[in-house]
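Working notes for the structure below.
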Amino acid sequence: MNNNHCITIKQKTIGAGTPAVCVPLASKTDEQILEQARRIAMTKGVDVAEFRADYYEGLADTSRLKSLMNEIREILGDILLLFTIRSEAEGGEPLLFSSPTLCALNQYVIENKLADLVDIELFSGNENVEALVLRAHEQGIYVIMSNHDFYATPSKEIIIERLCRMQSMGADIAKIAVMPQNKQDVLTLLSATECMYREHATGPIITISMGPLGAISRVSGELFGSAMTFAAMGQASAPGQIPVEELSDMMKKMNRYCI
């Protein structure tokens with residue numbers, strides 16, 4: 001991959017060579033999440049842990065959230081921590097509270113520097129997005145801007161347009177995940193990835209075709225231009241995630257024989 005498309009966070013480079021591997025922390029209780037973190041810390045080949053906070057039962061209690069995230073970071077050591085509250089509209093768990101808002105919770109994590117990266121959804125309101133990106137960068141936190149379509153695969157042109165829009169709004173990493181209805185949809189996602197990387201990308205991009213049909217996209221990022229892939233350890237956070245040990249082995253073989 002082109003080194004101009006890389007970023008380095010805590011000595012981990014994303015966007016060069018074999019894609020970074022991200023594993024979700026997706027459980028309800030503090031104890032379950034911390035146990036997942038310990039397992040991740042002992043697993044070879046994991047670069048990023050994604051705390052899927054929409055699964056967490058204590059999300060609305062910011063003091064409890066802060067304490068938990070500090071413990072997670074201590075356990076993870078050099079593994080990067082990504083904070084994500086996935087909205088229900090984009091495949092997240094239903095939230096049982098209205099206050100604090102998702103924007104306020106992201107702001108709290110940013111202000112307290114509780115993560116290395118935060119996920120901000122492209123369609124969460126331009127004013128919210130712009131304010132969160134600005135403050136994250138002021139605090140030295142990187143932004144993955146994302147969009148998830150669990151029902152269809154948009155056209156190649158729309159995929160590229162959304163990724164470009166994320167870049168223009170200050171994303172450090174632009175991410176899109178889509179659901180294929182047939183093999184052609186998977187090819188559409190891969191073609192859009194290659195074109196985006198070659199012609200438009202100013203930093204790392206993440207592209208995913210979800211479900212079993214799209215699983216090839218989780219393995220072939222180095223070939224087409226996607227800089228990070230998401231693997232499962234225990235409960236998957238999205239359809240089609242491959243167990244982390246198998247995914248790492250598959251990407252090593254891809255690198256050896258196909259790149």
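As shown in the structure tokens, the chain order sets the letters A, B, ...; within each chain, residues go from 1, and ligands are also counted from 1 in the order they appear.
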Kindly provide the residues of segment 20-56 of chain A that approach segment 7-10 of chain A to within 12 Å, each paired with its closest atom pair and their distance in Å to one decimal, based on only C-alpha atoms, listed by chain and increasing number, as a tab-separated table.
residue	atom	partner	partner_atom	distance
A:Ala20	CA	A:Thr8	CA	11.5
A:Asp47	CA	A:Ile9	CA	10.6
A:Val48	CA	A:Ile9	CA	10.6
Take the residues just selected and output them with N, CA and C atoms as a compact mmCIF listing (two decimals), in the first residue's frame.
# COMPACT_ATOMS: atom_id res chain seq x y z
N ALA A 20 -4.65 -3.83 9.47
CA ALA A 20 -4.76 -3.94 10.91
C ALA A 20 -5.97 -4.81 11.25
N ASP A 47 -4.48 -5.68 16.60
CA ASP A 47 -3.94 -4.32 16.63
C ASP A 47 -4.85 -3.33 17.33
N VAL A 48 -6.16 -3.56 17.24
CA VAL A 48 -7.16 -2.62 17.75
C VAL A 48 -8.27 -3.41 18.45
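In terms of minimum interatomic distance to Phe230 of chain A, A:Ile208 ranks closest within A:Ala16, A:Ile85, A:Met251, A:Ile208, counting only C-alpha atoms.
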Can you list, as a PyMOL selection string, every protein, DNA or RNA residue that comes within 12 Å of Ser87 of chain A when you count only C-alpha atoms, leaving out same-chain residues fewer than 2 positions away?
chain A and resi 52-55+84-85+89-95+101-103+119-124+146-149
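The smallest atom-to-atom distance between Ile173 of chain A and any of A:Cys6, A:Ala192, A:Leu96, A:Ile205, using only C-alpha atoms, is found for A:Ile205.
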Tell me which of A:Asn182, A:Gln11, A:Thr202, A:Asn126 sits closest to Gln167 of chain A, counting only C-alpha atoms.
A:Thr202
Those in segment 8-184 of chain A with alpha helix (DSSP H) from DSSP, as an MDAnalysis selection string:
chainID A and resid 30:41 62:76 102:111 126:138 156:168 183:184
If you count only C-alpha atoms, which residues fall within 12 Å of Glu74 of chain A, apart from same-chain ones fewer than 5 positions away, as a VMD selection string?
chain A and resid 34 37 to 38 41 67 to 69 79 to 81 114 to 115
Please save N, CA, C and O atoms of the selected residues as a compact mmCIF listing (two decimals), in the first residue's frame.
# COMPACT_ATOMS: atom_id res chain seq x y z
N LEU A 34 -14.23 -6.80 30.63
CA LEU A 34 -12.85 -6.89 31.09
C LEU A 34 -12.26 -8.26 30.78
O LEU A 34 -11.07 -8.38 30.44
N ALA A 37 -11.36 -8.21 27.21
CA ALA A 37 -10.13 -7.43 27.04
C ALA A 37 -8.90 -8.27 27.39
O ALA A 37 -7.87 -8.20 26.69
N ARG A 38 -8.98 -9.05 28.45
CA ARG A 38 -7.85 -9.90 28.83
C ARG A 38 -7.56 -10.94 27.75
O ARG A 38 -6.39 -11.22 27.43
N ALA A 41 -5.87 -9.19 24.85
CA ALA A 41 -4.49 -8.83 25.16
C ALA A 41 -3.55 -10.02 25.03
O ALA A 41 -2.35 -9.85 24.77
N SER A 67 -14.33 4.71 34.45
CA SER A 67 -13.59 3.72 35.22
C SER A 67 -13.34 2.46 34.40
O SER A 67 -12.22 1.91 34.39
N LEU A 68 -14.37 2.00 33.70
CA LEU A 68 -14.23 0.80 32.88
C LEU A 68 -13.22 1.00 31.77
O LEU A 68 -12.34 0.15 31.54
N MET A 69 -13.30 2.12 31.08
CA MET A 69 -12.40 2.35 29.95
C MET A 69 -10.95 2.49 30.41
O MET A 69 -10.02 2.06 29.71
N ILE A 79 -2.18 -2.37 22.52
CA ILE A 79 -3.30 -2.51 21.57
C ILE A 79 -4.15 -1.24 21.62
O ILE A 79 -4.50 -0.76 22.69
N LEU A 80 -4.46 -0.69 20.46
CA LEU A 80 -5.23 0.55 20.39
C LEU A 80 -6.67 0.30 20.80
O LEU A 80 -7.23 -0.77 20.56
N LEU A 81 -7.28 1.32 21.40
CA LEU A 81 -8.69 1.23 21.82
C LEU A 81 -9.54 2.18 20.98
O LEU A 81 -9.30 3.39 20.94
N LEU A 114 -10.22 9.00 26.73
CA LEU A 114 -10.40 7.63 27.18
C LEU A 114 -10.11 6.59 26.09
O LEU A 114 -10.08 5.39 26.38
N ALA A 115 -9.91 7.03 24.86
CA ALA A 115 -9.66 6.10 23.75
C ALA A 115 -8.62 6.69 22.82
O ALA A 115 -8.34 7.90 22.84
